[in-house]
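I have placed the structure first, in the form of structure tokens, so that the comments after it can refer back to it.
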Amino acid sequence: MSLPDHLVAELDELVTHYPERRAALIPALHRCQEELGGWISPETMEACAAYFDLEPVEVYGVVTFYPMFRLAPPGEHVVSVCHNVSCDLRGARDILARVCEVTGAPVHGTSPDGRFTVTTVECQGACTTAPMFDLDGVYHEELTLERVEEILGGVQ
Amino acid sequence: MAGHETYLLDRCHLEGSHTLDVYRAHGGYTALAKVLDEGLRPEAMIEAIKDSGLRGRGGAGFPSGLKFSFMPNHEKDRRPRYLAVNADESEPGTCKDRVLMRDDPHGLIEGVLLGAYAIRAKAAYIYVRGEYRHEYDRVAAALAEARAAGLVGDNIRGSDFSCDVWMHKGAGAYICGEETGLMESLEGKRGHPRPKPPFPAGSGLWASPTTVNNVETLFNLPFIINRGHAWYRTMGTEASPGNFLCGISGHVERPGVYELPLGISARVVVEEYAGGVWKGRKLKAWFPGGSSTGLLPASLIDTRMDHDGLRAAGSMLGTGAMIILDETACVARASEVIMRFYDHESCGQCSQCREGTQWLHQIFKRLENGQGRMEDIELLESLASGMAPGKTICALSDAAAIPTHAVIKHFKDELAEHVRRGGCPCPEQATGALREPAEASA
């Protein structure tokens with residue numbers, strides 16, 4: 001597999017921001033994850049390695065270091081519930097439990113219908129509006145159990 | 001509450017505050033114009049920053065002018081020079097840079113340009129944590145506006161000052177907020193901190209002279225240049241001048257990010273700005289500046305919120321992010337959550353940190369779950385003493401050791417009570433309202 005042309009064109013511009021091409025690797029992996037199924041497959045790693053002239057294992061080493069890169073395909077929607085201290089003090093455990101109930105997904109797992117992946121995440125920088133979760137890249141803050149049901153119930 | 005002069009958040013409430021038009025209508029880019037039109041020498045700008053007494057707002061509180069002055073002489077050292085902007089805000093409790101990036105991104109860009117000018121940087125990189133998608137987009141859009149207006153790039157405003165400013169997205173690792181971890185990550189590698197020396201000014205990004213500054217630190221620069229160091233020193237204290245962004249979270253009525261003068265009493269922040277401890281309850285404990293600063297008991301709530309005041313109280317200003325625990329909260333539970341975080345975020349290079357954070361997490365967890373032993377308290381202390389200070393490449397190990405020492409110093413009895421009872425004695429945990437759902441099997 002090689003990277004699709006439109007991504008290659010984007011990366012060709014991205015690498016000009018830096019004195020060394022490799023510096024664009026992490027932003028490039030973000031774009032790959034967004035465009036190629038919501039995760040970084042072994043094939044994507046190999047394609048990135050070829051693009052950056054690196055060994056695949058170097059790309060693997062980077063991908064596995066950063067929590068935002070997924071090593072398996074997620075469900076259609078991803079709910080990331082913050083469980084760090086400011087959210088914990090304002091009921092994050094109850095929020096997480098309700099998210100799991102509503103979606104049918106276990107923590108760090110996907111619902112049987114494949115619609116939702118639920119995960120816990122460390123501090124997302126929404127401490128003064130805790131508790132919070134991120135749904136498909138959008139923050140939802142000052143959550144209550146009712147709001148959790150409304151938000152997740154409204155997902156198409 | 002007593003009125004005090006403000007400047008950091010003044011534009012944030014304006015309609016369209018993130019746009020170039022609104023920024024310009026409220027004095028935006030006039031500090032940059034002043035510097036370029038007057039042909040101020042970079043060295044003179046560094047002196048002005050030194051005179052202001054500005055200290056870094058990323059957690060360490062290092063004098064910013066002094067840090068800029070560490071860059072090597074540009075005539076003797078011809079390597080390209082870089083400014084790295086630390087927008088990887090990840091310290092638990094901290095969400096202040098997010099406000100600036102979202103609501104006043106041009107203020108940050110002007111600060112970045114001034115910082116780059118001071119150190120004669122060829123380029124600046126704004127390293128934004130990957131989760132801040134909205135904030136990243138705001139700064140990126142502002143940068144595009146600034147570039148189109150000739151404020152970023154070659155020959156800025158027709159001067160001989162050229163500087164590229166680029167956005168860079170991180171991917172969820174706390175350690176990349178550590179300056180050398182940030183540089184490794186910016187080079188496209190795992191965020192493993194580098195041993196110091198060499199310091200970034202000697203050998204940083206791509207082995208070139210580099211300065212790393214926090215978002216809020218740089219945001220202060222246009223105000224210092226425009227209004228002068230004497231004005232700046234009318235706010236805050238002699239050793240910690242200026243205002244700071246104080247995020248207050250946890251058990252208060254009005255959590256939020258407030259602009260306050262350094263040196264303000266922590267009690268005033270809690271009671272007057274944040275509306276007091278929530279639900280009419282009493283204060284039990286508080287973190288003054290993020291989860292890595294030692295928590296303090298309610299009896300020390302009259303401490304001044306500045307570098308010296310908090311050091312005297314046995315803690316640190318850190319990122320100025322106060323986390324409030326009411327009388328029903330459990331310090332063992334809070335410690336368990338925080339140590340789980342450091343365990344998760346340790347990069348694994350140093351054994352003291354890799355193993356130590358894991359041990360601290362497991363021990364606090366068993367104390368909280370009623371499986372603790374009396375000797376665990378001594379073990380926590382011994383582990384924390386083996387982890388810090390100065391025993392590892394970076395300070396993540398210290399960030400776990402410091403709150404461990406603090407919880408033992410101030411709340412040893414409560415930890416022991418967990419052991420005696422074989423469970424958590426705190427009412428919040430005793431309600432049974434908090435359930436932890438099952439995890440997926442591996």
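Just so we're on the same page: first chain in the structure tokens is A, next is B, and so on; residues restart at 1 for each chain, and ligands are numbered from 1 in the order they show up.
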Neighbours of B:Gly289 within 6 Å (only C-alpha atoms; same-chain residues fewer than 5 positions away dropped), as a ChimeraX atom specification?
/B:317-322
Let me see the file: selected residues, C-alpha atoms, as a CSV table (one decimal), in the first residue's frame.
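Below is the file result06.csv, written as the result:
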```csv
chain,number,residue,atom,x,y,z
B,317,LEU,CA,3.0,27.9,42.3
B,318,GLY,CA,3.3,25.5,39.4
B,319,THR,CA,0.8,26.4,36.7
B,320,GLY,CA,-1.4,28.3,39.1
B,321,ALA,CA,-4.1,25.7,38.7
B,322,MET,CA,-5.8,25.3,42.1
```
Could you please write out, as a list in words, every residue of stretch 54-99 of chain A that DSSP assigns to helix (DSSP H, G or I)?
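Written out, the helix (DSSP H, G or I) residues of stretch 54-99 of chain A are Pro56, Val57, Glu58, Val59, Tyr60, Gly61, Val62, Val63, Thr64, Phe65, Val85, Ser86, Cys87, Asp88, Leu89, Ala92, Arg93, Asp94, Ile95, Leu96, Ala97, Arg98 and Val99 of chain A.
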Requested write-out: N, CA and C atoms of the selected residues, as an mmCIF file, in the first residue's frame:
```
data_model
loop_
_atom_site.group_PDB
_atom_site.id
_atom_site.type_symbol
_atom_site.label_atom_id
_atom_site.label_comp_id
_atom_site.auth_asym_id
_atom_site.auth_seq_id
_atom_site.Cartn_x
_atom_site.Cartn_y
_atom_site.Cartn_z
ATOM 1 N N PRO A 56 10.285 0.759 9.176
ATOM 2 C CA PRO A 56 8.935 0.639 9.754
ATOM 3 C C PRO A 56 8.943 0.586 11.282
ATOM 4 N N VAL A 57 9.959 -0.035 11.860
ATOM 5 C CA VAL A 57 9.993 -0.168 13.315
ATOM 6 C C VAL A 57 10.152 1.196 14.003
ATOM 7 N N GLU A 58 10.792 2.145 13.315
ATOM 8 C CA GLU A 58 10.904 3.488 13.902
ATOM 9 C C GLU A 58 9.536 4.153 13.963
ATOM 10 N N VAL A 59 8.756 3.967 12.914
ATOM 11 C CA VAL A 59 7.404 4.529 12.895
ATOM 12 C C VAL A 59 6.547 3.833 13.959
ATOM 13 N N TYR A 60 6.703 2.517 14.068
ATOM 14 C CA TYR A 60 5.966 1.752 15.078
ATOM 15 C C TYR A 60 6.304 2.277 16.476
ATOM 16 N N GLY A 61 7.576 2.545 16.706
ATOM 17 C CA GLY A 61 8.025 3.071 18.003
ATOM 18 C C GLY A 61 7.364 4.391 18.338
ATOM 19 N N VAL A 62 7.177 5.232 17.350
ATOM 20 C CA VAL A 62 6.528 6.526 17.569
ATOM 21 C C VAL A 62 5.027 6.343 17.792
ATOM 22 N N VAL A 63 4.404 5.543 16.924
ATOM 23 C CA VAL A 63 2.946 5.349 17.017
ATOM 24 C C VAL A 63 2.563 4.819 18.399
ATOM 25 N N THR A 64 3.330 3.839 18.900
ATOM 26 C CA THR A 64 2.964 3.206 20.168
ATOM 27 C C THR A 64 3.283 4.085 21.375
ATOM 28 N N PHE A 65 4.067 5.137 21.190
ATOM 29 C CA PHE A 65 4.403 6.023 22.322
ATOM 30 C C PHE A 65 3.268 6.992 22.627
ATOM 31 N N VAL A 85 -7.974 14.050 38.002
ATOM 32 C CA VAL A 85 -8.408 14.455 39.342
ATOM 33 C C VAL A 85 -9.546 15.481 39.355
ATOM 34 N N SER A 86 -9.475 16.527 38.520
ATOM 35 C CA SER A 86 -10.532 17.543 38.581
ATOM 36 C C SER A 86 -11.873 16.972 38.145
ATOM 37 N N CYS A 87 -11.857 16.096 37.141
ATOM 38 C CA CYS A 87 -13.099 15.453 36.702
ATOM 39 C C CYS A 87 -13.558 14.418 37.729
ATOM 40 N N ASP A 88 -12.596 13.670 38.310
ATOM 41 C CA ASP A 88 -12.932 12.664 39.320
ATOM 42 C C ASP A 88 -13.656 13.305 40.503
ATOM 43 N N LEU A 89 -13.192 14.493 40.891
ATOM 44 C CA LEU A 89 -13.812 15.178 42.036
ATOM 45 C C LEU A 89 -15.245 15.609 41.727
ATOM 46 N N ALA A 92 -16.676 12.020 37.609
ATOM 47 C CA ALA A 92 -16.297 11.374 36.344
ATOM 48 C C ALA A 92 -16.613 9.883 36.326
ATOM 49 N N ARG A 93 -16.536 9.237 37.503
ATOM 50 C CA ARG A 93 -16.810 7.792 37.516
ATOM 51 C C ARG A 93 -18.277 7.514 37.185
ATOM 52 N N ASP A 94 -19.152 8.363 37.687
ATOM 53 C CA ASP A 94 -20.565 8.193 37.353
ATOM 54 C C ASP A 94 -20.818 8.494 35.878
ATOM 55 N N ILE A 95 -20.125 9.503 35.366
ATOM 56 C CA ILE A 95 -20.261 9.839 33.940
ATOM 57 C C ILE A 95 -19.814 8.657 33.084
ATOM 58 N N LEU A 96 -18.677 8.084 33.450
ATOM 59 C CA LEU A 96 -18.145 6.942 32.693
ATOM 60 C C LEU A 96 -19.125 5.774 32.728
ATOM 61 N N ALA A 97 -19.653 5.507 33.921
ATOM 62 C CA ALA A 97 -20.600 4.395 34.053
ATOM 63 C C ALA A 97 -21.824 4.632 33.164
ATOM 64 N N ARG A 98 -22.315 5.879 33.138
ATOM 65 C CA ARG A 98 -23.493 6.170 32.326
ATOM 66 C C ARG A 98 -23.160 6.075 30.832
ATOM 67 N N VAL A 99 -21.977 6.524 30.450
ATOM 68 C CA VAL A 99 -21.562 6.423 29.039
ATOM 69 C C VAL A 99 -21.551 4.946 28.618
#
```
May I ask you to extract the residues of chain A within 6 Å of chain B, using only C-alpha atoms, and to give them as an NGL selection string?
:A and (22-23 or 25-27 or 62 or 66-68 or 86 or 89 or 93-94 or 97 or 106-109 or 123 or 125-128)
Got time to write the residues from that selection, C-alpha atoms, as a PDB file, in the first residue's frame?
```pdb
ATOM      1  CA  ARG A  22      11.089  13.527   9.789  1.00  0.00           C
ATOM      2  CA  ALA A  23       9.762  16.343  11.989  1.00  0.00           C
ATOM      3  CA  LEU A  25       5.972  12.457  11.138  1.00  0.00           C
ATOM      4  CA  ILE A  26       3.553  12.997  14.033  1.00  0.00           C
ATOM      5  CA  PRO A  27       1.332  15.545  12.225  1.00  0.00           C
ATOM      6  CA  VAL A  62       6.528   6.526  17.569  1.00  0.00           C
ATOM      7  CA  TYR A  66       1.527   8.442  21.750  1.00  0.00           C
ATOM      8  CA  PRO A  67      -1.888   7.659  23.261  1.00  0.00           C
ATOM      9  CA  MET A  68      -3.840   9.450  20.517  1.00  0.00           C
ATOM     10  CA  SER A  86     -10.532  17.543  38.581  1.00  0.00           C
ATOM     11  CA  LEU A  89     -13.812  15.178  42.036  1.00  0.00           C
ATOM     12  CA  ARG A  93     -16.810   7.792  37.516  1.00  0.00           C
ATOM     13  CA  ASP A  94     -20.565   8.193  37.353  1.00  0.00           C
ATOM     14  CA  ALA A  97     -20.600   4.395  34.053  1.00  0.00           C
ATOM     15  CA  PRO A 106     -17.075  -1.575  28.059  1.00  0.00           C
ATOM     16  CA  VAL A 107     -14.233   0.760  29.048  1.00  0.00           C
ATOM     17  CA  HIS A 108     -11.498   0.506  26.391  1.00  0.00           C
ATOM     18  CA  GLY A 109     -13.847  -1.488  24.187  1.00  0.00           C
ATOM     19  CA  CYS A 123      -6.483  15.324  31.742  1.00  0.00           C
ATOM     20  CA  GLY A 125      -7.523  20.599  29.901  1.00  0.00           C
ATOM     21  CA  ALA A 126     -11.199  21.111  30.682  1.00  0.00           C
ATOM     22  CA  CYS A 127     -10.731  21.091  34.454  1.00  0.00           C
ATOM     23  CA  THR A 128     -12.756  24.203  35.280  1.00  0.00           C
TER      24      THR A 128
END
```
Which polymer residues have any atom within 7 Å of an atom of A:Ile40, counting only C-alpha atoms, with same-chain residues fewer than 6 positions away left out, as a VMD selection string?
chain A and resid 33 69 to 71
Name the residues in contact with stretch 355-371 of chain B at a cut-off of 7 Å, using only C-alpha atoms, excluding same-chain residues fewer than 6 positions from it; report them as an NGL selection string.
:B and (332-333 or 335-336 or 339-340 or 342-343 or 380 or 383 or 387 or 400 or 418-419 or 422-424)
Just the selected residues (N, CA, C and O atoms), exported as a tab-separated table (two decimals), in the first residue's frame, please.
```
chain	number	residue	atom	x	y	z
B	332	ALA	N	-6.53	9.89	49.79
B	332	ALA	CA	-5.94	8.66	49.25
B	332	ALA	C	-6.46	8.42	47.83
B	332	ALA	O	-5.71	8.04	46.93
B	333	ARG	N	-7.75	8.64	47.65
B	333	ARG	CA	-8.34	8.51	46.31
B	333	ARG	C	-7.71	9.52	45.33
B	333	ARG	O	-7.32	9.16	44.22
B	335	SER	N	-4.84	10.86	45.53
B	335	SER	CA	-3.45	10.44	45.27
B	335	SER	C	-3.42	9.26	44.31
B	335	SER	O	-2.56	9.18	43.43
B	336	GLU	N	-4.36	8.34	44.47
B	336	GLU	CA	-4.42	7.18	43.57
B	336	GLU	C	-4.62	7.65	42.12
B	336	GLU	O	-3.93	7.19	41.21
B	339	MET	N	-1.44	9.41	40.86
B	339	MET	CA	-0.32	8.48	40.60
B	339	MET	C	-0.62	7.57	39.41
B	339	MET	O	0.29	7.18	38.69
B	340	ARG	N	-1.87	7.24	39.20
B	340	ARG	CA	-2.24	6.49	38.00
B	340	ARG	C	-1.80	7.28	36.77
B	340	ARG	O	-1.27	6.75	35.79
B	342	TYR	N	0.66	9.66	36.59
B	342	TYR	CA	2.11	9.69	36.39
B	342	TYR	C	2.65	8.33	35.95
B	342	TYR	O	3.59	8.25	35.15
B	343	ASP	N	2.04	7.27	36.45
B	343	ASP	CA	2.39	5.92	36.02
B	343	ASP	C	2.16	5.81	34.50
B	343	ASP	O	3.01	5.35	33.74
B	380	LEU	N	5.82	4.31	50.98
B	380	LEU	CA	5.56	5.44	50.08
B	380	LEU	C	6.65	6.49	50.23
B	380	LEU	O	7.19	7.01	49.25
B	383	LEU	N	9.99	5.24	48.81
B	383	LEU	CA	9.97	5.25	47.34
B	383	LEU	C	10.12	6.66	46.81
B	383	LEU	O	10.93	6.93	45.91
B	387	MET	N	13.03	8.56	44.33
B	387	MET	CA	12.69	9.02	42.98
B	387	MET	C	13.14	10.45	42.70
B	387	MET	O	13.26	10.85	41.54
B	400	ALA	N	5.70	13.16	40.75
B	400	ALA	CA	4.98	12.13	41.49
B	400	ALA	C	5.44	12.08	42.95
B	400	ALA	O	4.65	11.83	43.86
B	418	HIS	N	-7.34	4.49	56.78
B	418	HIS	CA	-7.71	3.56	55.71
B	418	HIS	C	-7.25	2.14	56.06
B	418	HIS	O	-7.96	1.17	55.79
B	419	VAL	N	-6.05	2.05	56.64
B	419	VAL	CA	-5.51	0.73	56.98
B	419	VAL	C	-6.29	0.15	58.17
B	419	VAL	O	-6.74	-1.00	58.14
B	422	GLY	N	-9.70	-0.87	57.12
B	422	GLY	CA	-9.77	-1.78	55.98
B	422	GLY	C	-10.64	-1.22	54.88
B	422	GLY	O	-11.34	-1.95	54.16
B	423	GLY	N	-10.62	0.11	54.73
B	423	GLY	CA	-11.42	0.74	53.67
B	423	GLY	C	-11.39	2.24	53.81
B	423	GLY	O	-10.79	2.78	54.74
B	424	CYS	N	-12.08	2.91	52.90
B	424	CYS	CA	-12.06	4.37	52.89
B	424	CYS	C	-13.01	4.93	53.94
B	424	CYS	O	-14.19	4.58	53.95
```
d(atom CA of A:Gly37, atom CA of A:Pro73) in Å:
6.8 Å
Select, from B:Ser265, B:Pro403, B:Arg373, B:Thr328, the residue with the minimum atom-to-atom distance to B:Ser385, counting only C-alpha atoms.
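Smallest distance to B:Ser385 is found for B:Pro403.
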Using only C-alpha atoms, can you tell me which of B:Glu110, B:Asp302, B:Glu259, B:Asp51 comes closest to B:Leu221?
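Closest residue, counting only C-alpha atoms: B:Glu110.
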Which of A:Ser80, A:Thr16, A:Ser2, A:Thr144 sits closest to A:Tyr51 [using only C-alpha atoms]
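Of A:Ser80, A:Thr16, A:Ser2, A:Thr144, the one nearest A:Tyr51, counting only C-alpha atoms, is A:Ser2.
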Which of stretch 39-99 of chain A counts as strand (DSSP E or B) under DSSP, as JSON, numbers by chain please?
{"A": [77, 78, 79, 80, 81, 82]}
Find the residues near A:Ala24: any atom within 7 Å, counting only C-alpha atoms, skip ones fewer than 4 places away on the same chain, and give them as JSON, numbers by chain.
{"A": [14, 15, 28], "B": [188]}
File dump, residues just selected, all heavy atoms, as a tab-separated table (two decimals), in the first residue's frame:
```
chain	number	residue	atom	x	y	z
A	14	LEU	N	3.71	19.85	4.01
A	14	LEU	CA	3.98	19.84	5.45
A	14	LEU	C	5.48	19.75	5.75
A	14	LEU	O	5.98	20.45	6.64
A	14	LEU	CB	3.24	18.64	6.07
A	14	LEU	CG	3.09	18.59	7.58
A	14	LEU	CD1	2.33	19.79	8.11
A	14	LEU	CD2	2.38	17.30	7.99
A	15	VAL	N	6.18	18.92	5.02
A	15	VAL	CA	7.61	18.73	5.33
A	15	VAL	C	8.43	20.00	5.05
A	15	VAL	O	9.53	20.15	5.60
A	15	VAL	CB	8.25	17.53	4.57
A	15	VAL	CG1	7.62	16.22	5.02
A	15	VAL	CG2	8.12	17.70	3.06
A	28	ALA	N	1.80	14.03	10.36
A	28	ALA	CA	1.42	13.17	9.22
A	28	ALA	C	0.61	11.97	9.70
A	28	ALA	O	-0.39	11.59	9.08
A	28	ALA	CB	2.67	12.71	8.48
B	188	GLY	N	9.94	14.57	15.52
B	188	GLY	CA	9.29	13.38	14.96
B	188	GLY	C	9.65	12.09	15.66
B	188	GLY	O	9.52	11.01	15.09
```
Would you mind listing what lies within 10 Å of B:Phe244 as a PyMOL selection string, with only C-alpha atoms counted and same-chain residues fewer than 6 positions away left out?
chain B and resi 6-8+57+96+216-217+220+235-236+257-263+305-306+319-320
Any idea what the distance is between atom CA of B:Leu83 and atom CA of B:Gln349?
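Taking atom CA of B:Leu83 and atom CA of B:Gln349, their separation equals 26.1 Å.
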From the list B:Gly153, B:Gly228, B:Gly158, B:Pro241, which residue is nearest B:Leu54 when using only C-alpha atoms?
B:Pro241
Compile the contact shell of B:Asp103 as a JSON list (two decimals) with N, CA, C and O atoms, in the first residue's frame: residues with an atom at most 7 Å away, counting only C-alpha atoms, same-chain residues fewer than 3 positions apart removed.
```json
[["chain", "number", "residue", "atom", "x", "y", "z"],
["B", 12, "CYS", "N", -10.85, 38.83, 25.63],
["B", 12, "CYS", "CA", -11.48, 37.53, 25.41],
["B", 12, "CYS", "C", -13.00, 37.58, 25.32],
["B", 12, "CYS", "O", -13.61, 36.72, 24.68],
["B", 17, "SER", "N", -13.38, 37.97, 19.08],
["B", 17, "SER", "CA", -12.07, 38.26, 19.70],
["B", 17, "SER", "C", -10.91, 37.50, 19.05],
["B", 17, "SER", "O", -9.76, 37.88, 19.20],
["B", 18, "HIS", "N", -11.24, 36.45, 18.30],
["B", 18, "HIS", "CA", -10.18, 35.64, 17.70],
["B", 18, "HIS", "C", -9.75, 36.15, 16.32],
["B", 18, "HIS", "O", -8.87, 35.57, 15.70],
["B", 99, "VAL", "N", -7.63, 28.94, 27.03],
["B", 99, "VAL", "CA", -8.47, 30.14, 26.94],
["B", 99, "VAL", "C", -7.82, 31.17, 26.03],
["B", 99, "VAL", "O", -8.47, 31.76, 25.16],
["B", 100, "LEU", "N", -6.51, 31.38, 26.19],
["B", 100, "LEU", "CA", -5.80, 32.37, 25.38],
["B", 100, "LEU", "C", -5.80, 31.96, 23.91],
["B", 100, "LEU", "O", -6.04, 32.78, 23.03]]
```
So how many Å separate atom CA of B:Asn213 and atom CA of B:Glu38, to one decimal?
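Taking atom CA of B:Asn213 and atom CA of B:Glu38, their separation equals 25.1 Å.
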